[in-house]
Every structure is written in C-alpha cells, then in structure tokens.
$ cat start_28.cif   # mmCIF, C-alpha atoms
data_run
loop_
_atom_site.group_PDB
_atom_site.id
_atom_site.type_symbol
_atom_site.label_atom_id
_atom_site.label_comp_id
_atom_site.auth_asym_id
_atom_site.auth_seq_id
_atom_site.Cartn_x
_atom_site.Cartn_y
_atom_site.Cartn_z
ATOM 1 C CA MET A 26 -39.564 -18.594 42.744
ATOM 2 C CA ASN A 27 -37.819 -15.486 41.441
ATOM 3 C CA PHE A 28 -37.735 -14.867 37.711
ATOM 4 C CA ASP A 29 -35.275 -12.595 35.950
ATOM 5 C CA LEU A 30 -37.471 -10.374 33.802
ATOM 6 C CA SER A 31 -34.696 -8.009 32.669
ATOM 7 C CA PHE A 32 -34.942 -9.358 29.133
ATOM 8 C CA LEU A 33 -38.457 -7.949 28.935
ATOM 9 C CA SER A 34 -37.188 -4.401 29.384
ATOM 10 C CA GLY A 35 -36.481 -4.102 25.691
ATOM 11 C CA VAL A 36 -39.902 -5.462 24.765
ATOM 12 C CA PHE A 37 -41.782 -2.953 26.919
ATOM 13 C CA ALA A 38 -39.496 -0.009 26.107
ATOM 14 C CA SER A 39 -41.173 3.187 24.986
ATOM 15 C CA PRO A 40 -41.289 3.961 21.233
ATOM 16 C CA TRP A 41 -39.017 6.949 21.736
ATOM 17 C CA ASP A 42 -36.338 4.748 23.375
ATOM 18 C CA ILE A 43 -36.508 2.334 20.434
ATOM 19 C CA ILE A 44 -36.231 5.160 17.890
ATOM 20 C CA ARG A 45 -33.343 6.723 19.801
ATOM 21 C CA SER A 46 -31.498 3.394 19.887
ATOM 22 C CA LEU A 47 -32.030 2.938 16.143
ATOM 23 C CA ILE A 48 -30.739 6.448 15.434
ATOM 24 C CA ASP A 49 -27.716 5.746 17.618
ATOM 25 C CA ILE A 50 -26.953 2.517 15.743
ATOM 26 C CA VAL A 51 -27.394 4.120 12.313
ATOM 27 C CA LEU A 52 -25.149 7.096 13.137
ATOM 28 C CA VAL A 53 -22.365 4.918 14.545
ATOM 29 C CA SER A 54 -22.599 2.535 11.562
ATOM 30 C CA TYR A 55 -22.455 5.395 9.072
ATOM 31 C CA LEU A 56 -19.542 6.981 10.912
ATOM 32 C CA PHE A 57 -17.545 3.766 10.704
ATOM 33 C CA TYR A 58 -18.530 3.420 7.039
ATOM 34 C CA ARG A 59 -17.209 6.891 6.187
ATOM 35 C CA ILE A 60 -13.999 6.342 8.157
ATOM 36 C CA LEU A 61 -13.376 3.078 6.327
ATOM 37 C CA GLY A 62 -14.026 4.916 3.068
ATOM 38 C CA VAL A 63 -11.366 7.503 3.916
ATOM 39 C CA ILE A 64 -8.672 4.937 4.719
ATOM 40 C CA ARG A 65 -9.636 2.562 1.910
ATOM 41 C CA GLY A 66 -6.732 1.962 -0.423
ATOM 42 C CA THR A 67 -4.167 3.545 1.887
ATOM 43 C CA ARG A 68 -1.503 1.862 3.978
ATOM 44 C CA ALA A 69 -3.734 2.438 6.987
ATOM 45 C CA GLU A 70 -6.173 -0.116 5.563
ATOM 46 C CA GLN A 71 -3.591 -2.879 5.887
ATOM 47 C CA LEU A 72 -2.698 -1.712 9.396
ATOM 48 C CA LEU A 73 -6.365 -1.806 10.345
ATOM 49 C CA LYS A 74 -6.621 -5.387 9.093
ATOM 50 C CA GLY A 75 -3.618 -6.263 11.214
ATOM 51 C CA LEU A 76 -5.235 -4.703 14.278
ATOM 52 C CA ILE A 77 -8.438 -6.672 13.696
ATOM 53 C CA LEU A 78 -6.460 -9.911 13.446
ATOM 54 C CA LEU A 79 -4.587 -9.017 16.621
ATOM 55 C CA LEU A 80 -7.897 -8.318 18.372
ATOM 56 C CA VAL A 81 -9.264 -11.709 17.321
ATOM 57 C CA PHE A 82 -6.023 -13.344 18.464
ATOM 58 C CA SER A 83 -6.213 -11.648 21.861
ATOM 59 C CA VAL A 84 -9.815 -12.820 22.338
ATOM 60 C CA VAL A 85 -8.853 -16.394 21.479
ATOM 61 C CA THR A 86 -5.850 -16.415 23.797
ATOM 62 C CA SER A 87 -7.934 -14.903 26.590
ATOM 63 C CA TYR A 88 -10.589 -17.602 26.137
ATOM 64 C CA MET A 89 -7.892 -20.295 26.220
ATOM 65 C CA GLU A 90 -6.337 -18.667 29.328
ATOM 66 C CA LEU A 91 -2.832 -18.431 27.895
ATOM 67 C CA ASP A 92 -1.379 -16.176 30.561
ATOM 68 C CA MET A 93 2.010 -15.462 28.988
ATOM 69 C CA VAL A 94 0.557 -14.712 25.574
ATOM 70 C CA ASN A 95 -2.142 -12.517 27.134
ATOM 71 C CA TRP A 96 0.525 -10.558 29.005
ATOM 72 C CA LEU A 97 2.462 -10.013 25.773
ATOM 73 C CA VAL A 98 -0.658 -8.943 23.856
ATOM 74 C CA GLU A 99 -1.592 -6.467 26.598
ATOM 75 C CA LYS A 100 1.852 -4.865 26.314
ATOM 76 C CA LEU A 101 1.439 -4.665 22.542
ATOM 77 C CA TRP A 102 -1.863 -2.825 22.942
ATOM 78 C CA ILE A 103 -0.116 -0.267 25.157
ATOM 79 C CA VAL A 104 2.512 0.269 22.471
ATOM 80 C CA PHE A 105 -0.153 0.582 19.781
ATOM 81 C CA ALA A 106 -2.065 3.150 21.834
ATOM 82 C CA VAL A 107 1.004 5.403 21.636
ATOM 83 C CA THR A 108 2.082 4.707 18.060
ATOM 84 C CA LEU A 109 -1.283 4.540 16.257
ATOM 85 C CA PRO A 110 -1.931 8.331 16.291
ATOM 86 C CA ILE A 111 1.479 8.767 14.676
ATOM 87 C CA VAL A 112 0.957 6.030 12.086
ATOM 88 C CA PHE A 113 -2.564 7.213 11.197
ATOM 89 C CA GLN A 114 -1.632 10.907 11.140
ATOM 90 C CA PRO A 115 -2.308 11.413 7.380
ATOM 91 C CA GLU A 116 -5.699 9.703 7.625
ATOM 92 C CA LEU A 117 -6.676 11.623 10.770
ATOM 93 C CA ARG A 118 -5.716 14.888 9.093
ATOM 94 C CA ARG A 119 -7.740 13.950 6.002
ATOM 95 C CA ILE A 120 -10.817 13.150 8.113
ATOM 96 C CA LEU A 121 -10.596 16.481 9.950
ATOM 97 C CA GLU A 122 -10.130 18.350 6.671
ATOM 98 C CA GLN A 123 -13.171 16.653 5.140
ATOM 99 C CA ILE A 124 -15.247 17.460 8.210
ATOM 100 C CA GLY A 125 -14.143 21.093 7.955
ATOM 101 C CA ARG A 126 -15.064 21.224 4.248
ATOM 102 C CA GLY A 127 -18.347 19.452 4.887
ATOM 103 C CA SER A 128 -17.444 16.637 2.479
ATOM 104 C CA PHE A 129 -17.036 13.914 5.105
ATOM 105 C CA PHE A 130 -20.751 13.105 5.076
ATOM 106 C CA ALA A 131 -21.155 13.733 1.355
ATOM 107 C CA ARG A 132 -22.331 10.854 -0.757
ATOM 108 C CA SER A 133 -19.600 9.243 -2.820
ATOM 109 C CA SER A 134 -20.076 9.283 -6.555
ATOM 110 C CA SER A 135 -19.775 6.458 -9.039
ATOM 111 C CA THR A 136 -18.864 6.352 -12.706
ATOM 112 C CA GLY A 137 -21.242 4.890 -15.270
ATOM 113 C CA LEU A 138 -20.434 3.115 -18.516
ATOM 114 C CA GLU A 139 -20.982 6.160 -20.693
ATOM 115 C CA GLU A 140 -18.748 8.331 -18.487
ATOM 116 C CA ILE A 141 -16.003 5.689 -18.643
ATOM 117 C CA ARG A 142 -16.179 5.619 -22.443
ATOM 118 C CA ILE A 143 -15.905 9.411 -22.589
ATOM 119 C CA VAL A 144 -12.916 9.419 -20.233
ATOM 120 C CA ILE A 145 -11.160 6.738 -22.292
ATOM 121 C CA LYS A 146 -11.749 8.646 -25.521
ATOM 122 C CA GLU A 147 -10.474 11.944 -24.092
ATOM 123 C CA ILE A 148 -7.355 10.295 -22.642
ATOM 124 C CA SER A 149 -6.637 8.531 -25.944
ATOM 125 C CA ASP A 150 -7.032 11.760 -27.923
ATOM 126 C CA ALA A 151 -4.769 13.632 -25.510
ATOM 127 C CA ALA A 152 -2.152 10.885 -25.600
ATOM 128 C CA ALA A 153 -2.140 11.013 -29.403
ATOM 129 C CA VAL A 154 -1.468 14.771 -29.410
ATOM 130 C CA LEU A 155 1.168 14.525 -26.685
ATOM 131 C CA SER A 156 2.887 11.605 -28.443
ATOM 132 C CA ARG A 157 2.955 13.412 -31.770
ATOM 133 C CA ASN A 158 4.590 16.458 -30.169
ATOM 134 C CA LYS A 159 6.826 14.364 -27.844
ATOM 135 C CA VAL A 160 5.454 15.948 -24.681
ATOM 136 C CA GLY A 161 5.912 13.825 -21.577
ATOM 137 C CA ALA A 162 2.814 12.922 -19.574
ATOM 138 C CA LEU A 163 1.684 10.668 -16.742
ATOM 139 C CA ILE A 164 -2.042 10.037 -16.211
ATOM 140 C CA VAL A 165 -3.280 7.790 -13.397
ATOM 141 C CA LEU A 166 -6.785 6.341 -13.282
ATOM 142 C CA THR A 167 -7.866 5.089 -9.876
ATOM 143 C CA ARG A 168 -10.105 2.070 -9.439
ATOM 144 C CA GLU A 169 -11.220 0.313 -6.247
ATOM 145 C CA THR A 170 -8.024 0.950 -4.285
ATOM 146 C CA GLY A 171 -7.474 4.605 -3.467
ATOM 147 C CA ILE A 172 -4.143 6.443 -3.515
ATOM 148 C CA ALA A 173 -5.196 9.329 -1.297
ATOM 149 C CA GLU A 174 -1.878 9.643 0.539
ATOM 150 C CA TYR A 175 -0.054 10.279 -2.759
ATOM 151 C CA MET A 176 -2.705 12.633 -4.109
ATOM 152 C CA GLU A 177 -2.142 15.016 -1.205
ATOM 153 C CA SER A 178 1.046 16.239 -2.893
ATOM 154 C CA GLY A 179 -0.878 17.486 -5.936
ATOM 155 C CA VAL A 180 -3.052 20.468 -6.787
ATOM 156 C CA ARG A 181 -6.793 19.896 -6.504
ATOM 157 C CA MET A 182 -8.707 20.517 -9.748
ATOM 158 C CA ASP A 183 -12.040 18.640 -9.755
ATOM 159 C CA SER A 184 -12.469 19.157 -13.493
ATOM 160 C CA LEU A 185 -14.103 17.362 -16.376
ATOM 161 C CA VAL A 186 -11.799 15.098 -18.342
ATOM 162 C CA SER A 187 -11.055 16.584 -21.757
ATOM 163 C CA ALA A 188 -8.251 16.070 -24.225
ATOM 164 C CA ALA A 189 -7.637 19.819 -24.481
ATOM 165 C CA LEU A 190 -7.232 20.225 -20.722
ATOM 166 C CA LEU A 191 -4.951 17.196 -20.373
ATOM 167 C CA THR A 192 -2.799 18.452 -23.246
ATOM 168 C CA ASN A 193 -2.493 21.926 -21.738
ATOM 169 C CA ILE A 194 -1.592 20.555 -18.305
ATOM 170 C CA PHE A 195 1.492 18.780 -19.659
ATOM 171 C CA VAL A 196 2.738 21.619 -21.841
ATOM 172 C CA PRO A 197 6.392 22.207 -20.852
ATOM 173 C CA ASN A 198 7.013 25.021 -18.363
ATOM 174 C CA SER A 199 3.341 25.191 -17.377
ATOM 175 C CA PRO A 200 2.707 25.283 -13.603
ATOM 176 C CA LEU A 201 1.226 21.752 -13.461
ATOM 177 C CA HIS A 202 3.239 19.875 -16.084
ATOM 178 C CA ASP A 203 5.656 18.287 -13.602
ATOM 179 C CA GLY A 204 4.016 15.316 -11.927
ATOM 180 C CA ALA A 205 1.026 13.081 -12.528
ATOM 181 C CA VAL A 206 -2.624 13.811 -13.249
ATOM 182 C CA VAL A 207 -4.978 11.625 -11.196
ATOM 183 C CA ILE A 208 -8.437 10.841 -12.581
ATOM 184 C CA SER A 209 -10.944 9.549 -10.056
ATOM 185 C CA ASP A 210 -14.690 8.896 -10.488
ATOM 186 C CA GLY A 211 -14.577 10.183 -14.043
ATOM 187 C CA ARG A 212 -13.074 13.589 -13.173
ATOM 188 C CA ILE A 213 -9.598 15.089 -13.004
ATOM 189 C CA ASP A 214 -9.079 15.103 -9.261
ATOM 190 C CA ARG A 215 -5.467 16.260 -8.921
ATOM 191 C CA ALA A 216 -2.568 17.439 -11.014
ATOM 192 C CA ALA A 217 1.172 17.699 -10.347
ATOM 193 C CA CYS A 218 1.135 14.687 -7.997
ATOM 194 C CA PHE A 219 4.429 13.113 -7.014
ATOM 195 C CA LEU A 220 4.245 9.329 -6.982
ATOM 196 C CA PRO A 221 6.517 6.655 -5.495
ATOM 197 C CA LEU A 222 9.097 5.228 -7.891
ATOM 198 C CA SER A 223 9.480 1.540 -8.570
ATOM 199 C CA ASP A 224 12.642 0.066 -7.050
ATOM 200 C CA ASP A 225 12.666 -2.991 -9.316
ATOM 201 C CA PRO A 226 16.340 -3.567 -10.239
ATOM 202 C CA ASP A 227 15.381 -5.472 -13.385
ATOM 203 C CA LEU A 228 13.668 -2.529 -15.072
ATOM 204 C CA ASP A 229 15.017 -1.363 -18.402
ATOM 205 C CA LYS A 230 17.588 1.356 -17.784
ATOM 206 C CA ALA A 231 16.095 3.311 -20.665
ATOM 207 C CA LEU A 232 12.886 3.864 -18.716
ATOM 208 C CA GLY A 233 12.670 7.316 -17.193
ATOM 209 C CA THR A 234 11.137 8.710 -14.036
ATOM 210 C CA ARG A 235 7.579 8.765 -15.433
ATOM 211 C CA HIS A 236 7.666 5.054 -16.262
ATOM 212 C CA ARG A 237 9.123 4.196 -12.872
ATOM 213 C CA ALA A 238 6.461 6.302 -11.148
ATOM 214 C CA ALA A 239 3.758 4.571 -13.192
ATOM 215 C CA LEU A 240 5.037 1.142 -12.185
ATOM 216 C CA GLY A 241 5.494 2.309 -8.595
ATOM 217 C CA ILE A 242 1.900 3.493 -8.113
ATOM 218 C CA THR A 243 0.350 0.556 -9.978
ATOM 219 C CA SER A 244 2.326 -1.952 -7.926
ATOM 220 C CA LEU A 245 0.965 -0.390 -4.713
ATOM 221 C CA SER A 246 -2.652 -0.184 -5.906
ATOM 222 C CA ASP A 247 -4.985 -1.371 -8.656
ATOM 223 C CA ALA A 248 -4.712 1.956 -10.474
ATOM 224 C CA ILE A 249 -3.852 2.206 -14.177
ATOM 225 C CA ALA A 250 -1.224 4.613 -15.462
ATOM 226 C CA VAL A 251 -0.842 6.011 -18.973
ATOM 227 C CA VAL A 252 2.644 7.271 -19.836
ATOM 228 C CA VAL A 253 3.847 9.310 -22.791
ATOM 229 C CA SER A 254 7.609 9.389 -23.186
ATOM 230 C CA GLU A 255 9.138 12.818 -23.597
ATOM 231 C CA GLU A 256 12.159 11.447 -25.490
ATOM 232 C CA THR A 257 10.456 9.099 -27.944
ATOM 233 C CA GLY A 258 6.749 9.928 -27.754
ATOM 234 C CA VAL A 259 5.970 6.255 -27.075
ATOM 235 C CA ILE A 260 2.654 5.607 -25.306
ATOM 236 C CA SER A 261 2.660 2.996 -22.533
ATOM 237 C CA VAL A 262 0.145 1.598 -20.066
ATOM 238 C CA ALA A 263 1.135 0.293 -16.621
ATOM 239 C CA GLU A 264 -1.041 -2.127 -14.681
ATOM 240 C CA GLY A 265 0.278 -3.946 -11.627
ATOM 241 C CA ASP A 266 3.972 -4.501 -12.214
ATOM 242 C CA LYS A 267 3.534 -4.854 -15.990
ATOM 243 C CA LEU A 268 4.249 -2.201 -18.598
ATOM 244 C CA GLN A 269 2.687 -2.396 -22.050
ATOM 245 C CA ARG A 270 4.587 -0.193 -24.475
ATOM 246 C CA TYR A 271 4.491 1.037 -28.073
ATOM 247 C CA LEU A 272 0.788 1.820 -28.208
ATOM 248 C CA ASP A 273 -0.986 4.267 -30.465
ATOM 249 C CA ALA A 274 -4.262 6.065 -29.811
ATOM 250 C CA PRO A 275 -6.584 3.255 -31.078
ATOM 251 C CA SER A 276 -4.688 0.509 -29.252
ATOM 252 C CA LEU A 277 -4.581 2.648 -26.086
ATOM 253 C CA LYS A 278 -8.346 3.079 -26.303
ATOM 254 C CA ASP A 279 -8.839 -0.676 -26.739
ATOM 255 C CA THR A 280 -6.504 -1.464 -23.857
ATOM 256 C CA LEU A 281 -8.199 0.931 -21.441
ATOM 257 C CA SER A 282 -11.642 -0.314 -22.494
ATOM 258 C CA ARG A 283 -10.542 -3.853 -21.722
ATOM 259 C CA ILE A 284 -8.882 -3.381 -18.336
ATOM 260 C CA LEU A 285 -10.931 -0.583 -16.780
ATOM 261 C CA PRO A 286 -13.747 -1.844 -14.543
ATOM 262 C CA GLN A 287 -17.074 -1.440 -16.255
ATOM 263 C CA ARG A 288 -19.117 -0.343 -13.254
ATOM 264 C CA GLU A 289 -22.702 0.698 -13.722
ATOM 265 C CA LYS A 290 -24.723 3.100 -11.659
ATOM 266 C CA TRP A 291 -27.601 1.418 -9.891
ATOM 267 C CA SER A 292 -30.049 3.513 -11.917
ATOM 268 C CA ASP A 293 -28.414 2.393 -15.179
ATOM 269 C CA THR A 294 -28.628 -1.221 -14.034
ATOM 270 C CA ILE A 295 -32.332 -0.892 -13.240
ATOM 271 C CA LYS A 296 -33.020 0.767 -16.598
ATOM 272 C CA ARG A 297 -31.062 -1.917 -18.450
ATOM 273 C CA ARG A 298 -32.920 -4.730 -16.687
ATOM 274 C CA TRP A 299 -36.288 -3.022 -17.224
ATOM 275 C CA ALA A 300 -35.553 -2.625 -20.939
ATOM 276 C CA SER A 301 -34.492 -6.262 -21.183
ATOM 277 C CA GLU A 302 -37.651 -7.472 -19.463
ATOM 278 C CA PHE A 303 -39.769 -5.172 -21.640
ATOM 279 C CA ARG A 304 -38.191 -6.578 -24.815
ATOM 280 C CA THR A 305 -38.695 -10.142 -23.536
ATOM 281 C CA GLN A 306 -42.364 -9.440 -22.831
ATOM 282 C CA GLU A 307 -42.831 -7.952 -26.305
ATOM 283 C CA THR A 308 -41.241 -11.040 -27.848
ATOM 284 C CA LYS A 309 -43.629 -13.305 -25.940
ATOM 285 C CA ASN A 310 -46.593 -11.236 -27.057
ATOM 286 C CA ASP A 311 -45.463 -11.374 -30.667
ATOM 287 C CA ASP A 312 -45.034 -15.165 -30.504
ATOM 288 C CA GLY A 313 -48.395 -15.689 -28.817
ATOM 289 C CA PRO A 314 -51.545 -17.040 -30.457
#
$ encode --input "start_28.cif" --output "structure tokens"
Amino acid sequence: MNFDLSFLSGVFASPWDIIRSLIDIVLVSYLFYRILGVIRGTRAEQLLKGLILLLVFSVVTSYMELDMVNWLVEKLWIVFAVTLPIVFQPELRRILEQIGRGSFFARSSSTGLEEIRIVIKEISDAAAVLSRNKVGALIVLTRETGIAEYMESGVRMDSLVSAALLTNIFVPNSPLHDGAVVISDGRIDRAACFLPLSDDPDLDKALGTRHRAALGITSLSDAIAVVVSEETGVISVAEGDKLQRYLDAPSLKDTLSRILPQREKWSDTIKRRWASEFRTQETKNDDGP
C-alpha cells in the first residue's frame, strides 16, 4: 500500500526553511497593510472593494459552472487589467513617492487626547481672531477617512498647530491664504489645498466658495471643516452634508470637542487602566479589616 507522505514535508522542514517562510509571510502581509493604508479614504478604496466583490462573484460562478457568466467575467478582467493602472495612477504615484522619500515603511502616528485638546484650543483661538478681523479661512481636520488625493494640490508644511500660524496663513495676499489648511494626526499637514465644491442645488445662495468646499470635502469623507466667512466673519462647522453656523470661539471649541474622535494612544490607555486598577486596589486596602 502506497501512502502519500507529502504532508509531512512541512513537519520535517529545516528550521531555516520555516524561518524563511515566516519572513516571507510577514513581509507580504506588511506590504499589503501599507498599500491599504495609502489608498485608505481615497476613491481607490471603493474601487478595491468592488474588485474584491467581483473576485468573489467570479469564484462563485466558476464553482457553479455558469459558462456564460464566467465568459463575461473573464472579459471584464481583461478590461480591468488595462484600465486599473490608469484609474489607480494617483495612488501608484503616491506609493512610489513615499518609497523614494523612505516614508512608505514609516510607522503611522496617532493623536492622543491631550494633543486633540491642544489642537481644538488653537483652532478656536485662531478662528476667533480671524472672525474678529473678517479674514476668510477654511480648516479641515481629517479623521479615519483620508483625503490624500485632494491634499496633493497643497503645499506640504508638517507643522505644529498654533493659533498664530493659522492666523498668518490666512492673512490676505499671503502665499498660502488661498485654499484650505488640512490638519492630520495633530499637525498641519498641508496648506493652500483646493477642495471639491458641493453641487447641492438647495444650498443657500449666500454661501461662498469656502462653505461649498467645506460641504464638498465633508460629504466625500468623515473630515470636519471649520469655515470663517470673509464677508461676515461668521464661524461655521461642516460635518457630513450639514453646516452649523453662527458659532463663536467657545461654542466652536465645544462643538469640536464633541464631534472629534477621542482616540487614545495605546500607551495612554495602558497608563489609564493601570491607574484605575491601582486606585481600586487602594480602595480595597482602605476598606479592609
């Protein structure tokens, strides 16, 4: 009787072969993770979801032996092979640029609670100054969904968020005053970004380009936009397709504190839990015999 012992090849593989296989798996997994991070929040993310659904559909139809549908899906894959490099051109360019700058494999940063509070305070202080002097401004705060394809039109800054800097950026006739400032991960990422305008026909005709750009970018992503009207000095906040107007600095601060995601760094979470457990243990000791 002949036995197929091929399954034992992995058991008796040399340690080096096992380590090499693990390294191969980790590198490929990390590569896919970084690529997904680059396209996250862009239109390419939705296209990728569509491709995954089409792949699942093709597997199902192949298993069910639907010849006509399989023939049609095969033709679609040929079309996609030609069109995908064109559709994903911005994302492919961004990946190559990040590889060239050495930032593709850099660890992504996160914003803690204290950093978020500082950012909110600085934005509120800047909005108060800009409103008082009737200087137009548009500040976008990104959240989970990225807006990388629209940030490419701006000037990279990578600066700390401060009221003085935000105020100076929007001073009329300054090089960066025209366009939006984008704040990402607690830092000013870009300035002078041109954003898509909302095409909602029911919008108030009195709303200008800044308000339409704020509604346009927030309807395409989960970002939050702060607008200061140049004509009236009115402060507004856009989230989704909603615009909250006639805010002052304190109400703007309260609004941003309420709707911004309160994400904690893992280290802050561990410290908070450790402190809570320590206090609980002290309470038990105090209540003991």
$ atom_distance --input "start_28.cif" --atom1 "CA of Lys278 (chain A)" --atom2 "CA of Ser261 (chain A)"
11.6 Å
$ closest_residue --input "start_28.cif" --among "A:Gly241, A:Pro40, A:Pro226, A:Pro200" --to "Leu268 (chain A)" --atoms "only C-alpha atoms"
A:Gly241
$ closest_residue --input "start_28.cif" --among "A:Glu264, A:Asp183, A:Glu174, A:Glu90" --to "Arg212 (chain A)" --atoms "all atoms listed in the file"
A:Asp183
$ atom_distance --input "start_28.cif" --atom1 "CA of Gly233 (chain A)" --atom2 "CA of Asn193 (chain A)"
21.5 Å
$ resolve_selection --input "start_28.cif" --expression "the PyMOL selection byres ((chain A and resi 162) around 7)" --output "number ranges by chain"
A: 160-161, 163-164, 195, 252-254
$ closest_residue --input "start_28.cif" --among "A:Lys146, A:Glu177, A:Arg235, A:Val206" --to "Ser276 (chain A)" --atoms "all atoms listed in the file"
A:Lys146
$ atom_distance --input "start_28.cif" --atom1 "CA of Val98 (chain A)" --atom2 "CA of Leu79 (chain A)"
8.2 Å
$ closest_residue --input "start_28.cif" --among "A:Glu255, A:Val165, A:Ala239, A:Ser149" --to "Pro197 (chain A)" --atoms "only C-alpha atoms"
A:Glu255
$ closest_residue --input "start_28.cif" --among "A:Leu191, A:Val85, A:Val207, A:Ala263" --to "Ala153 (chain A)" --atoms "all atoms listed in the file"
A:Leu191
$ closest_residue --input "start_28.cif" --among "A:Leu91, A:Ile172, A:Leu56, A:Leu76" --to "Ala106 (chain A)" --atoms "only C-alpha atoms"
A:Leu76
$ resolve_selection --input "start_28.cif" --expression "the PyMOL selection byres ((chain A and resi 218) around 8)" --output "list in words"
Tyr175, Met176, Glu177, Ser178, Gly179, Val180, Gly204, Ala205, Val206, Val207, Arg215, Ala216, Ala217, Phe219 and Leu220 of chain A
$ write_last_selection --input "start_28.cif" --atoms "C-alpha atoms" --output "PDB file, in the coordinates of the input"
ATOM      1  CA  TYR A 175      -0.054  10.279  -2.759  1.00  0.00           C
ATOM      2  CA  MET A 176      -2.705  12.633  -4.109  1.00  0.00           C
ATOM      3  CA  GLU A 177      -2.142  15.016  -1.205  1.00  0.00           C
ATOM      4  CA  SER A 178       1.046  16.239  -2.893  1.00  0.00           C
ATOM      5  CA  GLY A 179      -0.878  17.486  -5.936  1.00  0.00           C
ATOM      6  CA  VAL A 180      -3.052  20.468  -6.787  1.00  0.00           C
ATOM      7  CA  GLY A 204       4.016  15.316 -11.927  1.00  0.00           C
ATOM      8  CA  ALA A 205       1.026  13.081 -12.528  1.00  0.00           C
ATOM      9  CA  VAL A 206      -2.624  13.811 -13.249  1.00  0.00           C
ATOM     10  CA  VAL A 207      -4.978  11.625 -11.196  1.00  0.00           C
ATOM     11  CA  ARG A 215      -5.467  16.260  -8.921  1.00  0.00           C
ATOM     12  CA  ALA A 216      -2.568  17.439 -11.014  1.00  0.00           C
ATOM     13  CA  ALA A 217       1.172  17.699 -10.347  1.00  0.00           C
ATOM     14  CA  PHE A 219       4.429  13.113  -7.014  1.00  0.00           C
ATOM     15  CA  LEU A 220       4.245   9.329  -6.982  1.00  0.00           C
TER      16      LEU A 220
END
$ axis_aligned_box --input "start_28.cif" --around "region 93-109 of chain A" --padding-each-side "8 Å" --output "AutoDock Vina command-line options"
--center_x 0.2 --center_y -5.0 --center_z 22.6 --size_x 20.7 --size_y 36.9 --size_z 28.7
$ resolve_selection --input "start_28.cif" --expression "the PyMOL selection byres ((chain A and resi 211) around 12)" --output "PyMOL selection string"
chain A and resi 134-148+165-168+183-187+207-210+212-214+285+288
$ residues_around --input "start_28.cif" --residues "Val262 (chain A)" --least-positions-apart "3" --cutoff "6 Å" --atoms "only C-alpha atoms" --output "list in words"
Ala250, Val251, Leu268 and Gln269 of chain A
